[in-house]
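Novice: Right, I'll just put the structure down here and ask away after.
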Amino acid sequence: AGRTRAGVEKGATGAPLTDVVAIGIGGSSLGPACVHEALRSEPVCAAAAAGRSLRFVANVDPVDLARALDGLDPATTLVVVVSKTFTTRETMTNAALAKTWLVDALGEAGASKHLAAVSSDVQRATAFGVPADRVFGFADSVGGRYSLWSPVGLLPLALQYGAAPARRLLEGARDADEHFRSAPLEENLPVVLAVLGFFNSRVL
């Protein structure tokens, strides 16, 4: 991510990759997209993201992808395909359409310079056309609800905002875990929220 932000990793035309389209669904999209919405107006993160864009695609309706690609230049766009198995139907349908958009503009060889993947199945990702050095793996045991803390969330967020905010995000998650593990029940925020949720849904 740092090399891409610095302009060292370039696209097929030699232009820097300033626009990222992250394609996924469920845990491969929702968490990172929510954090992106939270960070985009934070002053330090907004400054770090100046001149860059990050868009998420999760809906299999082709209109969703068309809207995400609208106004983007294939020469400056990096498509990140996020799928643990690289077989998720909705994600792979959108990925194929996005790849066609790249190929039409840059050719088959050129399009490969504009693809990256986050997957536990490196072989399927490379067979799709993603260069092996742009496949970011993670353990198959990582469930969707925890994906934010893996490359699923960290790669698109680091591409947009840099490594420092991504590290702070991990540090905050660690602090929250430590709080949950060690705080007394009456002061334990996850426990209090769980009890309130149960009370509101089952008692009130």
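Ordering of the structure tokens sets the chain letters (A, B, ...), residue numbers begin anew at 1 in every chain, and ligands are numbered from 1 in the order given.
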Any chance you could tabulate, as a Markdown table, the residues of stretch 139-199 of chain A at most 12 Å from stretch 22-25 of chain A with each one's nearest atom pair and distance in Å to one decimal, using only C-alpha atoms, in chain and rising number order?

Specialist:
```
| residue | atom | partner | partner_atom | distance |
| --- | --- | --- | --- | --- |
| A:Gly144 | CA | A:Ile25 | CA | 9.5 |
| A:Arg145 | CA | A:Ile25 | CA | 11.6 |
| A:Ser147 | CA | A:Ile25 | CA | 11.3 |
| A:Pro151 | CA | A:Ala22 | CA | 11.9 |
| A:Val152 | CA | A:Gly24 | CA | 9.0 |
| A:Gly153 | CA | A:Ala22 | CA | 9.8 |
| A:Leu154 | CA | A:Ala22 | CA | 11.6 |
| A:Leu155 | CA | A:Ala22 | CA | 9.5 |
| A:Pro156 | CA | A:Ala22 | CA | 6.8 |
| A:Leu157 | CA | A:Ala22 | CA | 10.0 |
| A:Leu159 | CA | A:Ala22 | CA | 10.7 |
| A:Gln160 | CA | A:Ala22 | CA | 11.1 |
```

Novice: Can you pull out every residue within 6 Å of A:Pro16, counting only C-alpha atoms, but drop anything in the same chain fewer than 5 positions away, and send it as a PyMOL selection string?

Specialist: chain A and resi 7+10+76

Novice: Next, the residues of the selection above should be written as a CSV table (one decimal), in the first residue's frame with all heavy atoms.

Specialist:
```csv
chain,number,residue,atom,x,y,z
A,7,GLY,N,3.5,6.2,-5.4
A,7,GLY,CA,3.7,6.2,-6.8
A,7,GLY,C,4.8,5.3,-7.4
A,7,GLY,O,5.1,5.4,-8.5
A,10,LYS,N,3.1,1.5,-10.3
A,10,LYS,CA,2.3,2.3,-11.2
A,10,LYS,C,1.4,1.4,-12.1
A,10,LYS,O,1.6,0.2,-12.1
A,10,LYS,CB,3.2,3.1,-12.1
A,10,LYS,CG,4.1,4.2,-11.4
A,10,LYS,CD,4.9,5.0,-12.3
A,10,LYS,CE,5.9,5.9,-11.6
A,10,LYS,NZ,5.1,6.9,-10.8
A,76,THR,N,-5.7,4.9,-13.9
A,76,THR,CA,-5.3,5.3,-12.5
A,76,THR,C,-6.1,4.4,-11.5
A,76,THR,O,-6.0,4.7,-10.3
A,76,THR,CB,-5.6,6.8,-12.2
A,76,THR,OG1,-7.0,7.0,-12.4
A,76,THR,CG2,-4.8,7.6,-13.2
```

Novice: Near A:Pro62, counting only C-alpha atoms, which residues have an atom at most 12 Å away, once you skip same-chain residues fewer than 6 positions from it, shown as a PDB file with N, CA, C and O atoms, in the first residue's frame?

Specialist:
```
ATOM      1  N   ALA A  68     -19.868   2.852  -9.285  1.00  0.00           N
ATOM      2  CA  ALA A  68     -18.537   2.917  -8.672  1.00  0.00           C
ATOM      3  C   ALA A  68     -17.471   3.298  -9.689  1.00  0.00           C
ATOM      4  O   ALA A  68     -16.515   4.020  -9.369  1.00  0.00           O
ATOM      5  N   LEU A  69     -17.624   2.814 -10.913  1.00  0.00           N
ATOM      6  CA  LEU A  69     -16.623   3.092 -11.949  1.00  0.00           C
ATOM      7  C   LEU A  69     -16.852   4.432 -12.644  1.00  0.00           C
ATOM      8  O   LEU A  69     -15.956   4.931 -13.336  1.00  0.00           O
ATOM      9  N   GLU A  90     -21.497 -13.369  -6.275  1.00  0.00           N
ATOM     10  CA  GLU A  90     -21.706 -11.935  -6.471  1.00  0.00           C
ATOM     11  C   GLU A  90     -20.381 -11.207  -6.689  1.00  0.00           C
ATOM     12  O   GLU A  90     -20.259 -10.351  -7.572  1.00  0.00           O
ATOM     13  N   THR A  91     -19.389 -11.549  -5.868  1.00  0.00           N
ATOM     14  CA  THR A  91     -18.088 -10.882  -5.974  1.00  0.00           C
ATOM     15  C   THR A  91     -17.418 -11.191  -7.298  1.00  0.00           C
ATOM     16  O   THR A  91     -16.894 -10.282  -7.967  1.00  0.00           O
ATOM     17  N   THR A  93     -18.785 -12.134 -10.095  1.00  0.00           N
ATOM     18  CA  THR A  93     -19.510 -11.516 -11.208  1.00  0.00           C
ATOM     19  C   THR A  93     -19.070 -10.069 -11.386  1.00  0.00           C
ATOM     20  O   THR A  93     -18.765  -9.617 -12.505  1.00  0.00           O
ATOM     21  N   ASN A  94     -19.027  -9.331 -10.286  1.00  0.00           N
ATOM     22  CA  ASN A  94     -18.572  -7.938 -10.356  1.00  0.00           C
ATOM     23  C   ASN A  94     -17.106  -7.845 -10.744  1.00  0.00           C
ATOM     24  O   ASN A  94     -16.703  -6.941 -11.491  1.00  0.00           O
ATOM     25  N   ALA A  95     -16.289  -8.773 -10.234  1.00  0.00           N
ATOM     26  CA  ALA A  95     -14.861  -8.763 -10.565  1.00  0.00           C
ATOM     27  C   ALA A  95     -14.648  -8.973 -12.061  1.00  0.00           C
ATOM     28  O   ALA A  95     -13.801  -8.319 -12.679  1.00  0.00           O
ATOM     29  N   ALA A  96     -15.412  -9.889 -12.645  1.00  0.00           N
ATOM     30  CA  ALA A  96     -15.279 -10.152 -14.081  1.00  0.00           C
ATOM     31  C   ALA A  96     -15.668  -8.928 -14.900  1.00  0.00           C
ATOM     32  O   ALA A  96     -15.003  -8.588 -15.894  1.00  0.00           O
ATOM     33  N   LEU A  97     -16.732  -8.238 -14.484  1.00  0.00           N
ATOM     34  CA  LEU A  97     -17.152  -7.032 -15.194  1.00  0.00           C
ATOM     35  C   LEU A  97     -16.111  -5.918 -15.063  1.00  0.00           C
ATOM     36  O   LEU A  97     -15.819  -5.207 -16.032  1.00  0.00           O
ATOM     37  N   ALA A  98     -15.543  -5.782 -13.869  1.00  0.00           N
ATOM     38  CA  ALA A  98     -14.517  -4.758 -13.663  1.00  0.00           C
ATOM     39  C   ALA A  98     -13.260  -5.081 -14.468  1.00  0.00           C
ATOM     40  O   ALA A  98     -12.622  -4.183 -15.038  1.00  0.00           O
TER      41      ALA A  98
END
```

Novice: Determine the nearest neighbour of A:Val35 from the options A:Gly14, A:Gly137, A:Pro165, A:Gly129, counting only C-alpha atoms.

Specialist: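 Among A:Gly14, A:Gly137, A:Pro165, A:Gly129, it is A:Pro165 that comes nearest to A:Val35.
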
Novice: Show which residues sit within 12 Å of stretch 40-43 of chain A, as a ChimeraX atom specification. Count only C-alpha atoms, and ignore same-chain residues fewer than 2 positions away.

Specialist: /A:32-38,45-50,52-55,157,160-161,165

Novice: Store the residues of this selection in a file with all heavy atoms, as a short mmCIF file (atom, residue, chain, number, x, y, z; two decimals), in the first residue's frame.

Specialist:
```cif
data_model
loop_
_atom_site.label_atom_id
_atom_site.label_comp_id
_atom_site.auth_asym_id
_atom_site.auth_seq_id
_atom_site.Cartn_x
_atom_site.Cartn_y
_atom_site.Cartn_z
N PRO A 32 -15.07 -2.74 6.29
CA PRO A 32 -14.17 -1.73 5.72
C PRO A 32 -14.91 -0.49 5.21
O PRO A 32 -14.43 0.63 5.36
CB PRO A 32 -13.48 -2.48 4.57
CG PRO A 32 -13.56 -3.91 4.96
CD PRO A 32 -14.85 -4.07 5.71
N ALA A 33 -16.08 -0.69 4.60
CA ALA A 33 -16.85 0.45 4.09
C ALA A 33 -17.32 1.35 5.23
O ALA A 33 -17.29 2.58 5.11
CB ALA A 33 -18.04 -0.04 3.27
N CYS A 34 -17.74 0.75 6.34
CA CYS A 34 -18.18 1.54 7.49
C CYS A 34 -17.02 2.34 8.08
O CYS A 34 -17.18 3.52 8.43
CB CYS A 34 -18.78 0.62 8.56
SG CYS A 34 -20.40 -0.05 8.13
N VAL A 35 -15.85 1.72 8.21
CA VAL A 35 -14.69 2.43 8.74
C VAL A 35 -14.28 3.55 7.79
O VAL A 35 -13.91 4.64 8.23
CB VAL A 35 -13.53 1.45 8.99
CG1 VAL A 35 -12.26 2.21 9.37
CG2 VAL A 35 -13.90 0.46 10.09
N HIS A 36 -14.35 3.29 6.49
CA HIS A 36 -14.04 4.32 5.51
C HIS A 36 -14.94 5.54 5.69
O HIS A 36 -14.48 6.68 5.66
CB HIS A 36 -14.18 3.75 4.10
CG HIS A 36 -14.09 4.75 3.01
ND1 HIS A 36 -13.05 5.66 2.91
CD2 HIS A 36 -14.91 5.02 1.95
CE1 HIS A 36 -13.23 6.42 1.83
NE2 HIS A 36 -14.35 6.06 1.26
N GLU A 37 -16.23 5.30 5.90
CA GLU A 37 -17.16 6.40 6.11
C GLU A 37 -16.81 7.18 7.37
O GLU A 37 -16.95 8.40 7.43
CB GLU A 37 -18.60 5.87 6.21
CG GLU A 37 -19.20 5.47 4.88
CD GLU A 37 -19.28 6.64 3.91
OE1 GLU A 37 -19.71 7.73 4.32
OE2 GLU A 37 -18.89 6.46 2.75
N ALA A 38 -16.33 6.46 8.39
CA ALA A 38 -15.97 7.13 9.64
C ALA A 38 -14.69 7.95 9.50
O ALA A 38 -14.56 9.02 10.11
CB ALA A 38 -15.80 6.09 10.75
N CYS A 45 -6.97 11.96 8.54
CA CYS A 45 -7.19 10.96 7.50
C CYS A 45 -7.61 11.62 6.19
O CYS A 45 -7.18 11.19 5.11
CB CYS A 45 -8.25 9.96 7.95
SG CYS A 45 -7.70 8.85 9.26
N ALA A 46 -8.43 12.66 6.28
CA ALA A 46 -8.85 13.36 5.07
C ALA A 46 -7.64 13.96 4.35
O ALA A 46 -7.55 13.92 3.11
CB ALA A 46 -9.86 14.44 5.41
N ALA A 47 -6.70 14.49 5.11
CA ALA A 47 -5.49 15.05 4.51
C ALA A 47 -4.65 13.95 3.87
O ALA A 47 -4.08 14.13 2.78
CB ALA A 47 -4.68 15.79 5.57
N ALA A 48 -4.57 12.80 4.54
CA ALA A 48 -3.78 11.68 4.00
C ALA A 48 -4.39 11.13 2.72
O ALA A 48 -3.68 10.57 1.87
CB ALA A 48 -3.66 10.58 5.04
N ALA A 49 -5.71 11.28 2.57
CA ALA A 49 -6.40 10.73 1.40
C ALA A 49 -6.57 11.74 0.28
O ALA A 49 -7.18 11.43 -0.74
CB ALA A 49 -7.79 10.22 1.83
N ALA A 50 -6.00 12.93 0.43
CA ALA A 50 -6.16 13.96 -0.60
C ALA A 50 -5.66 13.45 -1.96
O ALA A 50 -4.57 12.89 -2.06
CB ALA A 50 -5.38 15.21 -0.20
N ARG A 52 -6.96 11.04 -3.64
CA ARG A 52 -7.23 9.61 -3.79
C ARG A 52 -8.73 9.36 -3.64
O ARG A 52 -9.46 10.19 -3.09
CB ARG A 52 -6.46 8.78 -2.77
CG ARG A 52 -4.96 9.03 -2.75
CD ARG A 52 -4.24 7.98 -1.90
NE ARG A 52 -4.44 6.64 -2.44
CZ ARG A 52 -3.71 6.13 -3.44
NH1 ARG A 52 -2.76 6.85 -4.00
NH2 ARG A 52 -3.95 4.91 -3.88
N SER A 53 -9.19 8.21 -4.10
CA SER A 53 -10.59 7.83 -3.89
C SER A 53 -10.66 6.34 -3.59
O SER A 53 -9.82 5.55 -4.05
CB SER A 53 -11.45 8.16 -5.11
OG SER A 53 -11.15 7.30 -6.20
N LEU A 54 -11.66 5.97 -2.80
CA LEU A 54 -11.92 4.58 -2.45
C LEU A 54 -13.42 4.34 -2.57
O LEU A 54 -14.22 5.05 -1.95
CB LEU A 54 -11.44 4.28 -1.02
CG LEU A 54 -11.80 2.91 -0.44
CD1 LEU A 54 -11.22 1.78 -1.28
CD2 LEU A 54 -11.32 2.81 1.01
N ARG A 55 -13.78 3.34 -3.36
CA ARG A 55 -15.18 3.00 -3.56
C ARG A 55 -15.38 1.51 -3.33
O ARG A 55 -14.50 0.71 -3.65
CB ARG A 55 -15.63 3.39 -4.97
CG ARG A 55 -15.37 4.87 -5.30
CD ARG A 55 -15.78 5.24 -6.71
NE ARG A 55 -15.42 6.63 -7.01
CZ ARG A 55 -15.78 7.27 -8.12
NH1 ARG A 55 -16.53 6.65 -9.04
NH2 ARG A 55 -15.40 8.52 -8.33
N LEU A 157 -8.12 0.23 3.24
CA LEU A 157 -8.00 1.40 4.11
C LEU A 157 -6.59 1.97 4.10
O LEU A 157 -6.40 3.19 4.11
CB LEU A 157 -8.42 1.03 5.53
CG LEU A 157 -9.91 0.67 5.69
CD1 LEU A 157 -10.17 0.12 7.09
CD2 LEU A 157 -10.80 1.86 5.40
N GLN A 160 -5.98 3.96 0.96
CA GLN A 160 -6.64 5.26 0.98
C GLN A 160 -6.01 6.22 1.98
O GLN A 160 -5.80 7.41 1.67
CB GLN A 160 -8.13 5.09 1.30
CG GLN A 160 -8.92 6.39 1.36
CD GLN A 160 -9.12 7.05 0.00
OE1 GLN A 160 -8.62 6.56 -1.02
NE2 GLN A 160 -9.84 8.15 -0.02
N TYR A 161 -5.69 5.72 3.17
CA TYR A 161 -5.29 6.61 4.26
C TYR A 161 -3.84 6.44 4.72
O TYR A 161 -3.36 7.24 5.52
CB TYR A 161 -6.22 6.40 5.47
CG TYR A 161 -7.65 6.69 5.16
CD1 TYR A 161 -8.59 5.67 5.06
CD2 TYR A 161 -8.08 8.00 4.94
CE1 TYR A 161 -9.92 5.95 4.77
CE2 TYR A 161 -9.40 8.28 4.64
CZ TYR A 161 -10.32 7.24 4.55
OH TYR A 161 -11.62 7.52 4.25
N PRO A 165 -2.86 5.29 10.02
CA PRO A 165 -4.23 5.10 10.50
C PRO A 165 -4.61 3.62 10.61
O PRO A 165 -5.36 3.24 11.53
CB PRO A 165 -5.09 5.81 9.44
CG PRO A 165 -4.18 6.83 8.86
CD PRO A 165 -2.84 6.17 8.83
#
```

Novice: So which residues touch stretch 113-116 of chain A within 7 Å, counting only C-alpha atoms, skipping near sequence neighbours fewer than 4 positions away, as a ChimeraX atom specification?

Specialist: /A:11-12,77-81,130,134-135

Novice: For the selection just defined, write its residues with all heavy atoms to a file, as a tab-separated table (two decimals), in the first residue's frame.

Specialist:
```tsv
chain	number	residue	atom	x	y	z
A	11	GLY	N	0.50	1.99	-12.83
A	11	GLY	CA	-0.35	1.24	-13.73
A	11	GLY	C	0.32	0.98	-15.07
A	11	GLY	O	1.49	1.30	-15.27
A	12	ALA	N	-0.44	0.44	-16.00
A	12	ALA	CA	0.09	0.04	-17.29
A	12	ALA	C	0.62	1.21	-18.11
A	12	ALA	O	1.54	1.06	-18.91
A	12	ALA	CB	-0.99	-0.70	-18.08
A	77	THR	N	-6.80	3.41	-11.92
A	77	THR	CA	-7.66	2.64	-11.03
A	77	THR	C	-7.06	1.28	-10.69
A	77	THR	O	-6.58	0.56	-11.57
A	77	THR	CB	-9.05	2.43	-11.67
A	77	THR	OG1	-9.65	3.71	-11.94
A	77	THR	CG2	-9.96	1.63	-10.75
A	78	LEU	N	-7.10	0.94	-9.42
A	78	LEU	CA	-6.72	-0.38	-8.93
A	78	LEU	C	-7.97	-1.09	-8.43
A	78	LEU	O	-8.65	-0.57	-7.54
A	78	LEU	CB	-5.69	-0.27	-7.81
A	78	LEU	CG	-5.25	-1.58	-7.14
A	78	LEU	CD1	-4.49	-2.46	-8.13
A	78	LEU	CD2	-4.39	-1.30	-5.91
A	79	VAL	N	-8.28	-2.24	-8.99
A	79	VAL	CA	-9.43	-3.04	-8.57
A	79	VAL	C	-8.94	-4.10	-7.59
A	79	VAL	O	-8.08	-4.92	-7.92
A	79	VAL	CB	-10.13	-3.69	-9.77
A	79	VAL	CG1	-11.23	-4.65	-9.30
A	79	VAL	CG2	-10.72	-2.63	-10.70
A	80	VAL	N	-9.48	-4.08	-6.38
A	80	VAL	CA	-9.12	-5.06	-5.35
A	80	VAL	C	-10.29	-6.02	-5.17
A	80	VAL	O	-11.38	-5.60	-4.75
A	80	VAL	CB	-8.79	-4.37	-4.01
A	80	VAL	CG1	-8.41	-5.42	-2.96
A	80	VAL	CG2	-7.65	-3.36	-4.19
A	81	VAL	N	-10.07	-7.28	-5.50
A	81	VAL	CA	-11.11	-8.29	-5.38
A	81	VAL	C	-10.94	-9.00	-4.04
A	81	VAL	O	-9.89	-9.58	-3.77
A	81	VAL	CB	-11.03	-9.32	-6.53
A	81	VAL	CG1	-12.19	-10.31	-6.43
A	81	VAL	CG2	-11.06	-8.60	-7.89
A	130	VAL	N	-4.70	-12.02	-11.41
A	130	VAL	CA	-4.04	-11.16	-10.43
A	130	VAL	C	-2.59	-11.61	-10.29
A	130	VAL	O	-2.33	-12.79	-10.06
A	130	VAL	CB	-4.74	-11.23	-9.06
A	130	VAL	CG1	-4.04	-10.32	-8.06
A	130	VAL	CG2	-6.21	-10.87	-9.19
A	134	ARG	N	0.55	-9.56	-5.84
A	134	ARG	CA	-0.53	-8.66	-5.44
A	134	ARG	C	-1.71	-9.44	-4.85
A	134	ARG	O	-2.82	-8.93	-4.78
A	134	ARG	CB	-1.00	-7.82	-6.62
A	134	ARG	CG	0.01	-6.73	-7.01
A	134	ARG	CD	-0.59	-5.75	-7.97
A	134	ARG	NE	0.34	-4.69	-8.31
A	134	ARG	CZ	0.06	-3.69	-9.12
A	134	ARG	NH1	-1.14	-3.61	-9.66
A	134	ARG	NH2	0.95	-2.75	-9.39
A	135	VAL	N	-1.44	-10.66	-4.45
A	135	VAL	CA	-2.46	-11.45	-3.74
A	135	VAL	C	-2.10	-11.44	-2.27
A	135	VAL	O	-1.05	-11.93	-1.87
A	135	VAL	CB	-2.53	-12.90	-4.25
A	135	VAL	CG1	-3.60	-13.68	-3.48
A	135	VAL	CG2	-2.83	-12.94	-5.75
```

Novice: Taking into account only C-alpha atoms, which residue in the set A:Ser182, A:Thr85, A:Thr4, A:Ser120 is nearest to A:Val20?

Specialist: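 Under the stated criterion, the closest residue is A:Thr4.
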